[in-house]
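The data block below is run.txt; it holds compact mmCIF, C-alpha atoms.
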```txt
# COMPACT_ATOMS: atom_id res chain seq x y z
CA MET F 1 16.04 0.62 -20.19
CA GLU F 2 15.43 4.10 -21.58
CA ILE F 3 12.14 5.59 -20.39
CA GLU F 4 10.92 9.00 -21.49
CA LEU F 5 10.20 11.29 -18.56
CA LYS F 6 7.50 13.92 -18.66
CA GLU F 7 7.54 17.39 -17.11
CA ASN F 8 8.32 17.40 -13.37
CA GLU F 9 9.07 13.65 -13.33
CA ARG F 10 12.12 11.98 -11.84
CA ILE F 11 13.41 8.44 -11.39
CA ASP F 12 14.03 7.42 -7.77
CA ASP F 13 16.09 4.47 -6.60
CA LEU F 14 14.04 2.27 -4.26
CA GLU F 15 17.27 0.90 -2.76
CA TYR F 16 15.88 -2.63 -2.96
CA LYS F 17 17.01 -5.27 -5.45
CA GLY F 18 17.81 -2.63 -8.06
CA LEU F 19 14.22 -1.40 -8.35
CA LYS F 20 13.45 2.14 -9.48
CA ILE F 21 10.28 4.19 -9.72
CA ILE F 22 9.08 7.24 -11.64
CA GLN F 23 7.52 10.02 -9.57
CA ASN F 24 6.12 13.45 -10.32
CA LYS F 25 7.20 16.00 -7.74
CA ASP F 26 3.93 17.95 -8.16
CA TRP F 27 1.81 14.90 -7.38
CA PHE F 28 1.59 12.67 -4.32
CA CYS F 29 4.90 10.83 -3.93
CA PHE F 30 5.01 7.57 -2.02
CA GLY F 31 6.03 7.52 1.64
CA MET F 32 7.68 5.03 3.94
CA ASP F 33 4.28 3.63 4.88
CA SER F 34 4.02 1.93 1.47
CA VAL F 35 7.48 0.40 1.87
CA ILE F 36 6.60 -0.85 5.35
CA LEU F 37 3.27 -2.27 4.15
CA ALA F 38 4.92 -4.20 1.32
CA ASN F 39 7.36 -5.66 3.83
CA PHE F 40 4.47 -6.56 6.17
CA ALA F 41 2.98 -8.72 3.39
CA LYS F 42 6.20 -10.37 2.23
CA LYS F 43 5.48 -13.70 3.98
CA GLU F 44 2.72 -14.55 1.52
CA LYS F 45 3.22 -17.80 -0.37
CA LYS F 46 4.94 -18.01 -3.75
CA GLU F 47 2.85 -17.61 -6.88
CA SER F 48 0.15 -15.64 -5.06
CA LYS F 49 -2.38 -13.69 -7.08
CA ILE F 50 -2.33 -10.21 -5.55
CA LEU F 51 -4.66 -7.23 -5.96
CA ASP F 52 -3.30 -3.77 -5.09
CA LEU F 53 -6.12 -1.27 -4.60
CA GLY F 54 -5.25 2.37 -5.30
CA THR F 55 -1.69 1.69 -6.39
CA GLY F 56 -0.71 5.31 -7.09
CA THR F 57 2.90 5.28 -8.29
CA GLY F 58 2.86 1.48 -8.28
CA ILE F 59 5.28 1.33 -5.36
CA ILE F 60 3.63 -1.53 -3.45
CA ALA F 61 3.08 -3.68 -6.53
CA ILE F 62 6.64 -3.16 -7.70
CA LEU F 63 8.14 -4.03 -4.31
CA LEU F 64 5.89 -7.08 -3.85
CA SER F 65 6.96 -8.41 -7.24
CA LYS F 66 10.38 -9.07 -5.66
CA LYS F 67 9.22 -9.88 -2.11
CA VAL F 68 6.63 -12.54 -3.06
CA GLU F 69 8.29 -14.88 -5.55
CA ASN F 70 6.52 -15.53 -8.85
CA SER F 71 3.50 -13.46 -7.80
CA LYS F 72 1.02 -12.07 -10.30
CA ILE F 73 -0.09 -8.59 -9.29
CA THR F 74 -3.01 -6.54 -10.57
CA ALA F 75 -2.69 -2.91 -9.48
CA ILE F 76 -5.71 -0.59 -9.74
CA GLU F 77 -5.44 3.19 -10.08
CA ILE F 78 -8.37 5.50 -10.85
CA GLN F 79 -6.33 8.48 -12.07
CA LYS F 80 -5.36 8.06 -15.71
CA GLU F 81 -2.16 10.12 -15.59
CA VAL F 82 -0.95 8.35 -12.44
CA ALA F 83 -1.77 4.90 -13.84
CA GLU F 84 0.16 5.70 -17.01
CA MET F 85 3.17 6.78 -14.96
CA ALA F 86 2.98 3.60 -12.88
CA GLN F 87 2.89 1.54 -16.07
CA ARG F 88 6.11 3.19 -17.23
CA SER F 89 7.70 2.28 -13.87
CA VAL F 90 6.66 -1.34 -14.43
CA LYS F 91 8.32 -1.22 -17.85
CA LEU F 92 11.40 0.48 -16.39
CA ASN F 93 11.88 -2.51 -14.08
CA ASP F 94 11.05 -5.16 -16.72
CA LEU F 95 8.08 -6.34 -14.66
CA GLU F 96 5.44 -6.56 -17.39
CA GLU F 97 5.10 -10.32 -16.84
CA SER F 98 4.32 -9.98 -13.13
CA VAL F 99 2.63 -6.57 -12.64
CA LYS F 100 -0.41 -5.30 -14.52
CA ILE F 101 -1.56 -1.71 -14.02
CA VAL F 102 -5.29 -1.14 -14.58
CA ASN F 103 -6.77 2.36 -14.89
CA GLU F 104 -10.13 1.88 -13.16
CA ASP F 105 -12.27 2.86 -10.17
CA ILE F 106 -11.88 0.17 -7.50
CA LYS F 107 -15.68 0.16 -7.11
CA ASN F 108 -16.00 -1.22 -10.65
CA ILE F 109 -13.65 -4.17 -10.14
CA LEU F 110 -16.35 -6.70 -9.26
CA LYS F 111 -18.30 -5.91 -12.43
CA LYS F 112 -15.23 -6.55 -14.56
CA SER F 113 -13.57 -9.48 -12.78
CA GLY F 114 -16.57 -11.56 -11.67
CA GLN F 115 -16.10 -13.96 -8.77
CA ALA F 116 -13.35 -13.61 -6.17
CA LYS F 117 -10.02 -14.85 -7.44
CA PHE F 118 -7.21 -13.26 -5.41
CA ASP F 119 -5.07 -14.81 -2.68
CA VAL F 120 -4.04 -11.40 -1.34
CA VAL F 121 -5.49 -7.89 -1.42
CA ILE F 122 -3.33 -5.01 -0.25
CA THR F 123 -3.98 -1.28 0.00
CA ASN F 124 -2.57 2.00 1.20
CA PRO F 125 -5.82 4.00 0.88
CA PRO F 126 -6.40 7.72 1.37
CA TYR F 127 -6.26 8.37 5.12
CA LYS F 128 -8.33 11.52 5.40
CA LYS F 129 -12.11 11.67 5.32
CA LYS F 130 -13.54 13.84 2.58
CA GLU F 131 -14.68 16.60 4.93
CA THR F 132 -11.38 16.86 6.85
CA GLY F 133 -8.07 18.56 6.17
CA ILE F 134 -7.08 21.16 3.61
CA LEU F 135 -8.70 20.60 0.22
CA ASN F 136 -7.11 23.44 -1.78
CA GLU F 137 -4.60 21.08 -3.39
CA ASN F 138 -4.31 19.93 -6.98
CA ASN F 139 -6.79 17.17 -7.86
CA ILE F 140 -4.21 14.38 -8.02
CA ARG F 141 -2.84 15.10 -4.57
CA MET F 142 -6.33 15.55 -3.16
CA ILE F 143 -7.59 12.21 -4.47
CA SER F 144 -4.47 10.48 -3.15
CA ARG F 145 -4.90 11.90 0.37
CA HIS F 146 -8.66 12.24 0.85
CA GLU F 147 -11.60 9.85 0.46
CA ILE F 148 -12.85 11.64 -2.66
CA THR F 149 -13.50 8.78 -5.11
CA ALA F 150 -13.68 5.92 -2.57
CA ASN F 151 -13.83 5.71 1.20
CA LEU F 152 -12.49 3.23 3.75
CA GLU F 153 -15.59 1.04 3.50
CA ASP F 154 -15.24 0.86 -0.29
CA PHE F 155 -11.68 -0.42 -0.03
CA VAL F 156 -12.62 -3.05 2.58
CA ARG F 157 -15.76 -4.12 0.71
CA VAL F 158 -13.89 -4.64 -2.55
CA ALA F 159 -11.19 -6.58 -0.69
CA GLY F 160 -13.86 -8.84 0.81
CA GLU F 161 -15.46 -9.37 -2.60
CA GLN F 162 -12.21 -10.12 -4.40
CA LEU F 163 -10.49 -12.39 -1.88
CA LYS F 164 -10.81 -16.15 -1.97
CA ASP F 165 -11.92 -17.75 1.30
CA TYR F 166 -9.01 -17.63 3.76
CA GLY F 167 -7.25 -15.10 1.56
CA THR F 168 -5.33 -12.29 3.25
CA PHE F 169 -5.99 -8.57 3.37
CA TYR F 170 -3.29 -6.02 4.27
CA MET F 171 -3.75 -2.33 4.95
CA VAL F 172 -1.80 0.61 6.33
CA ASN F 173 -3.74 3.51 7.81
CA ARG F 174 -3.77 5.89 10.76
CA PRO F 175 -4.34 4.74 14.38
CA GLU F 176 -7.32 7.07 14.77
CA ARG F 177 -9.18 5.04 12.12
CA ILE F 178 -8.84 1.73 14.00
CA ILE F 179 -12.48 1.49 15.08
CA ASP F 180 -13.74 2.25 11.58
CA ILE F 181 -11.30 -0.32 10.19
CA PHE F 182 -12.36 -3.11 12.55
CA GLU F 183 -16.07 -2.41 12.08
CA ASN F 184 -15.75 -2.58 8.30
CA LEU F 185 -13.51 -5.64 8.31
CA ARG F 186 -16.04 -7.73 10.20
CA LYS F 187 -18.90 -6.33 8.15
CA TYR F 188 -17.30 -7.83 5.05
CA LYS F 189 -16.21 -11.15 6.63
CA LEU F 190 -12.57 -10.14 7.07
CA GLU F 191 -11.37 -11.16 10.52
CA PRO F 192 -8.54 -9.02 12.00
CA LYS F 193 -5.59 -11.31 12.72
CA GLU F 194 -2.59 -9.05 13.27
CA ILE F 195 -1.92 -5.37 13.93
CA GLN F 196 1.24 -3.35 14.41
CA PHE F 197 1.50 0.29 15.44
CA ILE F 198 4.14 2.48 13.78
CA TYR F 199 5.92 5.11 15.87
CA PRO F 200 8.14 7.91 14.51
CA LYS F 201 10.25 7.61 17.72
CA LYS F 202 9.88 5.54 20.87
CA ASN F 203 8.66 8.45 23.01
CA LYS F 204 6.18 9.76 20.42
CA ALA F 205 2.57 8.83 19.73
CA PRO F 206 2.00 6.28 16.95
CA ASN F 207 1.20 7.74 13.53
CA GLY F 208 0.69 4.55 11.54
CA LEU F 209 -1.14 1.24 11.79
CA LEU F 210 -0.60 -2.00 9.89
CA VAL F 211 -3.51 -4.44 9.73
CA LYS F 212 -3.71 -8.03 8.50
CA ALA F 213 -7.08 -9.77 8.16
CA VAL F 214 -8.21 -13.14 6.78
CA LYS F 215 -11.44 -13.74 4.90
CA ARG F 216 -13.67 -16.00 7.01
CA GLY F 217 -10.79 -16.49 9.45
CA GLY F 218 -11.24 -17.51 13.07
CA GLU F 219 -11.28 -15.02 15.93
CA PHE F 220 -7.75 -14.38 17.16
CA LEU F 221 -5.85 -11.09 17.12
CA LYS F 222 -2.10 -10.77 17.51
CA VAL F 223 -0.61 -7.39 18.46
CA ASP F 224 2.98 -7.13 17.26
CA GLU F 225 5.79 -5.26 18.94
CA PRO F 226 5.73 -1.57 17.92
CA LEU F 227 7.66 -0.62 14.80
CA ILE F 228 9.79 2.45 15.54
CA ILE F 229 11.18 4.43 12.60
CA TYR F 230 13.91 6.65 14.05
CA ASN F 231 16.43 6.50 16.86
CA ASP F 232 16.80 9.58 19.06
CA ASP F 233 19.68 10.80 16.88
CA GLY F 234 17.55 10.74 13.72
CA THR F 235 19.05 7.59 12.23
CA TYR F 236 16.89 4.64 11.23
CA THR F 237 16.29 1.88 13.76
CA ASN F 238 17.58 -1.60 13.07
CA GLU F 239 14.06 -2.72 12.16
CA ILE F 240 13.85 -0.13 9.39
CA LEU F 241 17.35 -0.96 8.19
CA GLU F 242 16.25 -4.58 7.87
CA ILE F 243 13.25 -3.57 5.77
CA TYR F 244 15.57 -1.69 3.41
CA GLU F 245 18.13 -4.52 3.67
CA LYS F 246 20.83 -2.12 4.80
CA LYS F 247 23.65 -2.96 7.19
CA SER F 248 24.38 0.42 8.70
CA ASN F 249 22.47 3.46 9.94
CA ILE F 250 21.68 6.24 7.51
CA LYS F 251 20.08 9.63 8.03
```
Translate the structure of the given file into structure tokens.
Amino acid sequence: MEIELKENERIDDLEYKGLKIIQNKDWFCFGMDSVILANFAKKEKKESKILDLGTGTGIIAILLSKKVENSKITAIEIQKEVAEMAQRSVKLNDLEESVKIVNEDIKNILKKSGQAKFDVVITNPPYKKKETGILNENNIRMISRHEITANLEDFVRVAGEQLKDYGTFYMVNRPERIIDIFENLRKYKLEPKEIQFIYPKKNKAPNGLLVKAVKRGGEFLKVDEPLIIYNDDGTYTNEILEIYEKKSNIK
């Protein structure tokens, strides 16, 4: 399908089931954490109703459309230009029937949607607190990286409001936010059920954290084996190759 690209945009191959995505090189492009998070949630049941909070380029919603069969995904993005670009990526992949991009502040979702109705909520939120890091970036990058328009508690609260009882919440974040994450999950009746630390290499400190929680779930936490991204020679580990459904190492 022919899609008109705007200034500084490109089409990237997601190397998964023929999917592609439009990105703007001057904005915040998706990272491997989004790909890993989508894979983390792939065991959800068919025909799930999924809410993606802060979708950005639409990467998670687009991947989940193929990982969770016959799912219906609503993807929320506050930035108008980014939401419009994500919508063109949905059209590029002929996913209009399964993925809906909504240009809205996640904090307004409850007002518009009413009672909880989703089986799954997933998010790759901004990792950095508003007062931390370098803020002299363009607005789109800054909002994508920092808690400018919504903070961690906002994302967890909305997830708790929008999930059906025993629905599942998935998040990727940084290990240093783990206490904040757990405190907010329990505050909004989301019980942590599974975590997995992400390591760049086996002898390095973890730089990512995957979290699964269940609304009104019982108390039991499973800690998965670490997910390591690179071998010592810079090639992907077998676990990452499996996520990308590749058979051989690539640099």
For this session: For Glu9 in chain F, list every protein, DNA or RNA residue within 7 Å, evaluated using all atoms listed in the file, and leave out those in the same chain fewer than 3 positions away; present the list as number ranges by chain.
Result: F: 5-6, 22-25
Problem set entry | Which of F:Lys107, F:Lys189, F:Arg88, F:Lys46 sits closest to Lys215 in chain F [using only C-alpha atoms] |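 Closest candidate: F:Lys189.
Of note, CA of Met171 in chain F and CA of Lys42 in chain F are spaced 13.1 Å apart.
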For this session: Do a neighbour search on Asp232 in chain F at 10 Å with only C-alpha atoms, toss out local chain neighbours closer than 4 positions, and write the hits as a PyMOL selection string.
Result: chain F and resi 200-203+236-237
Restricted to C-alpha atoms, what would the selected residues look like written as a tab-separated table (two decimals), keeping the file's coordinate frame?
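What landed in selection-v4.tsv:
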```
chain	number	residue	atom	x	y	z
F	200	PRO	CA	8.14	7.91	14.51
F	201	LYS	CA	10.25	7.61	17.72
F	202	LYS	CA	9.88	5.54	20.87
F	203	ASN	CA	8.66	8.45	23.01
F	236	TYR	CA	16.89	4.64	11.23
F	237	THR	CA	16.29	1.88	13.76
```
Exercise. Expressed in Å to a single decimal, how great is the separation between CA of Ile3 in chain F and CA of Leu64 in chain F?
Worked result: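 Interatomic distance here is 21.8 Å.
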Problem set entry | Polymer residues at most 10 Å from Arg174 in chain F, all atoms listed in the file, same-chain spacing of 6 or more positions, as a PyMOL selection string | chain F and resi 126-128+181+197-198+206-210
Please, could you write that set of residues out with C-alpha atoms as a compact mmCIF listing (two decimals), keeping the file's coordinate frame?
```txt
# COMPACT_ATOMS: atom_id res chain seq x y z
CA PRO F 126 -6.40 7.72 1.37
CA TYR F 127 -6.26 8.37 5.12
CA LYS F 128 -8.33 11.52 5.40
CA ILE F 181 -11.30 -0.32 10.19
CA PHE F 197 1.50 0.29 15.44
CA ILE F 198 4.14 2.48 13.78
CA PRO F 206 2.00 6.28 16.95
CA ASN F 207 1.20 7.74 13.53
CA GLY F 208 0.69 4.55 11.54
CA LEU F 209 -1.14 1.24 11.79
CA LEU F 210 -0.60 -2.00 9.89
```
For this session: Could you jot down the CA of Asp154 in chain F to CA of Cys29 in chain F separation for me, Å, one decimal place?
Result: 22.8 Å
Problem set entry | Shell around Gly18 in chain F at 12 Å using all atoms listed in the file, local window under 4 positions removed, as a list in words | Asp12, Asp13, Leu14, Ile62, Leu63, Lys66, Leu92, Asn93, Asp94, Tyr244 and Glu245 of chain F
Exercise. Using only C-alpha atoms, which of F:Lys72, F:Met85, F:Tyr199, F:Asn108 sits nearest Glu7 in chain F?
Worked result: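 Among the listed residues, F:Met85 lies closest to Glu7 in chain F.
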Exercise. Given the choices F:Ile109, F:Leu241, F:Val172, F:Val214, which gets closest to Val158 in chain F if the distance is worked out from all atoms listed in the file?
Worked result: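 Answer, going by the shortest atom-to-atom distance: F:Ile109.
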Exercise. Quick one: residues within 8 Å of Val156 in chain F, all atoms listed in the file counted, chain neighbours fewer than 5 positions away excluded, as an MDAnalysis selection string?
Worked result: chainID F and resid 184:185 188
For this session: Point out the residue among F:Leu95, F:Ile59, F:Val121, F:Leu221 with the least atom-to-atom distance to Phe30 in chain F, counting only C-alpha atoms.
Result: F:Ile59
Exercise. Out of F:Ile240, F:Ala61, F:Ile229, F:Leu163, which residue has the shortest atom-to-atom distance to Arg216 in chain F when counting only C-alpha atoms?
Worked result: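 Ranking F:Ile240, F:Ala61, F:Ile229, F:Leu163 by distance to Arg216 in chain F, first place goes to F:Leu163.
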For this session: Pick out the closest residue to Ala38 in chain F from this set: F:Leu190, F:Leu53, F:Ile122, F:Ala159. Count all atoms listed in the file.
Result: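 Comparing F:Leu190, F:Leu53, F:Ile122, F:Ala159 against Ala38 in chain F, the winner is F:Ile122.
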For this session: Taking the point (-9.8, -11.3, -7.2) as given in the file, collect each protein or nucleic acid residue that comes within 6 Å of it, counting all atoms listed in the file, and present the set as a ChimeraX atom specification.
Result: /F:116-118,162-163
Could you rebuild range 191-224 of chain F with N, CA and C atoms and give me the result as a short mmCIF file (atom, residue, chain, number, x, y, z; two decimals), in the frame of the given file?
```
data_model
loop_
_atom_site.label_atom_id
_atom_site.label_comp_id
_atom_site.auth_asym_id
_atom_site.auth_seq_id
_atom_site.Cartn_x
_atom_site.Cartn_y
_atom_site.Cartn_z
N GLU F 191 -11.65 -11.11 9.09
CA GLU F 191 -11.37 -11.16 10.52
C GLU F 191 -9.98 -10.61 10.81
N PRO F 192 -9.87 -9.57 11.64
CA PRO F 192 -8.54 -9.02 12.00
C PRO F 192 -7.70 -10.09 12.68
N LYS F 193 -6.47 -10.27 12.18
CA LYS F 193 -5.59 -11.31 12.72
C LYS F 193 -4.30 -10.76 13.31
N GLU F 194 -3.87 -9.60 12.83
CA GLU F 194 -2.59 -9.05 13.27
C GLU F 194 -2.58 -7.54 13.07
N ILE F 195 -2.10 -6.81 14.08
CA ILE F 195 -1.92 -5.37 13.93
C ILE F 195 -0.55 -4.97 14.47
N GLN F 196 -0.04 -3.89 13.94
CA GLN F 196 1.24 -3.35 14.41
C GLN F 196 1.18 -1.83 14.33
N PHE F 197 1.47 -1.16 15.43
CA PHE F 197 1.50 0.29 15.44
C PHE F 197 2.89 0.78 15.03
N ILE F 198 2.90 1.88 14.27
CA ILE F 198 4.14 2.48 13.78
C ILE F 198 4.37 3.78 14.53
N TYR F 199 5.57 3.92 15.10
CA TYR F 199 5.92 5.11 15.87
C TYR F 199 7.08 5.85 15.19
N PRO F 200 7.00 7.18 15.08
CA PRO F 200 8.14 7.91 14.51
C PRO F 200 9.39 7.77 15.39
N LYS F 201 9.19 7.86 16.74
CA LYS F 201 10.25 7.61 17.72
C LYS F 201 9.61 6.94 18.93
N LYS F 202 10.42 6.35 19.78
CA LYS F 202 9.88 5.54 20.87
C LYS F 202 9.10 6.35 21.90
N ASN F 203 9.38 7.63 22.02
CA ASN F 203 8.66 8.45 23.01
C ASN F 203 7.59 9.34 22.37
N LYS F 204 7.22 9.02 21.13
CA LYS F 204 6.18 9.76 20.42
C LYS F 204 4.92 8.91 20.27
N ALA F 205 3.81 9.56 19.98
CA ALA F 205 2.57 8.83 19.73
C ALA F 205 2.65 8.12 18.38
N PRO F 206 1.97 6.98 18.24
CA PRO F 206 2.00 6.28 16.95
C PRO F 206 1.30 7.10 15.87
N ASN F 207 1.82 7.02 14.65
CA ASN F 207 1.20 7.74 13.53
C ASN F 207 0.86 6.82 12.37
N GLY F 208 1.01 5.51 12.57
CA GLY F 208 0.69 4.55 11.54
C GLY F 208 0.17 3.26 12.14
N LEU F 209 -0.58 2.51 11.34
CA LEU F 209 -1.14 1.24 11.79
C LEU F 209 -1.16 0.26 10.64
N LEU F 210 -0.54 -0.90 10.85
CA LEU F 210 -0.60 -2.00 9.89
C LEU F 210 -1.64 -3.00 10.35
N VAL F 211 -2.45 -3.49 9.41
CA VAL F 211 -3.51 -4.44 9.73
C VAL F 211 -3.46 -5.61 8.76
N LYS F 212 -3.56 -6.82 9.31
CA LYS F 212 -3.71 -8.03 8.50
C LYS F 212 -5.03 -8.69 8.90
N ALA F 213 -5.82 -9.08 7.90
CA ALA F 213 -7.08 -9.77 8.16
C ALA F 213 -7.21 -10.95 7.21
N VAL F 214 -8.02 -11.93 7.59
CA VAL F 214 -8.21 -13.14 6.78
C VAL F 214 -9.70 -13.31 6.51
N LYS F 215 -10.04 -13.56 5.26
CA LYS F 215 -11.44 -13.74 4.90
C LYS F 215 -11.98 -15.03 5.51
N ARG F 216 -13.02 -14.89 6.30
CA ARG F 216 -13.67 -16.00 7.01
C ARG F 216 -12.70 -16.70 7.97
N GLY F 217 -11.74 -15.95 8.48
CA GLY F 217 -10.79 -16.49 9.45
C GLY F 217 -11.41 -16.59 10.84
N GLY F 218 -10.78 -17.38 11.70
CA GLY F 218 -11.24 -17.51 13.07
C GLY F 218 -10.88 -16.28 13.90
N GLU F 219 -11.49 -16.19 15.07
CA GLU F 219 -11.28 -15.02 15.93
C GLU F 219 -10.01 -15.18 16.76
N PHE F 220 -8.99 -14.45 16.38
CA PHE F 220 -7.75 -14.38 17.16
C PHE F 220 -6.95 -13.21 16.63
N LEU F 221 -6.58 -12.29 17.52
CA LEU F 221 -5.85 -11.09 17.12
C LEU F 221 -4.50 -11.04 17.80
N LYS F 222 -3.46 -10.91 17.00
CA LYS F 222 -2.10 -10.77 17.51
C LYS F 222 -1.67 -9.31 17.39
N VAL F 223 -1.13 -8.76 18.48
CA VAL F 223 -0.61 -7.39 18.46
C VAL F 223 0.91 -7.47 18.48
N ASP F 224 1.53 -7.05 17.39
CA ASP F 224 2.98 -7.13 17.26
C ASP F 224 3.68 -6.07 18.11
#
```
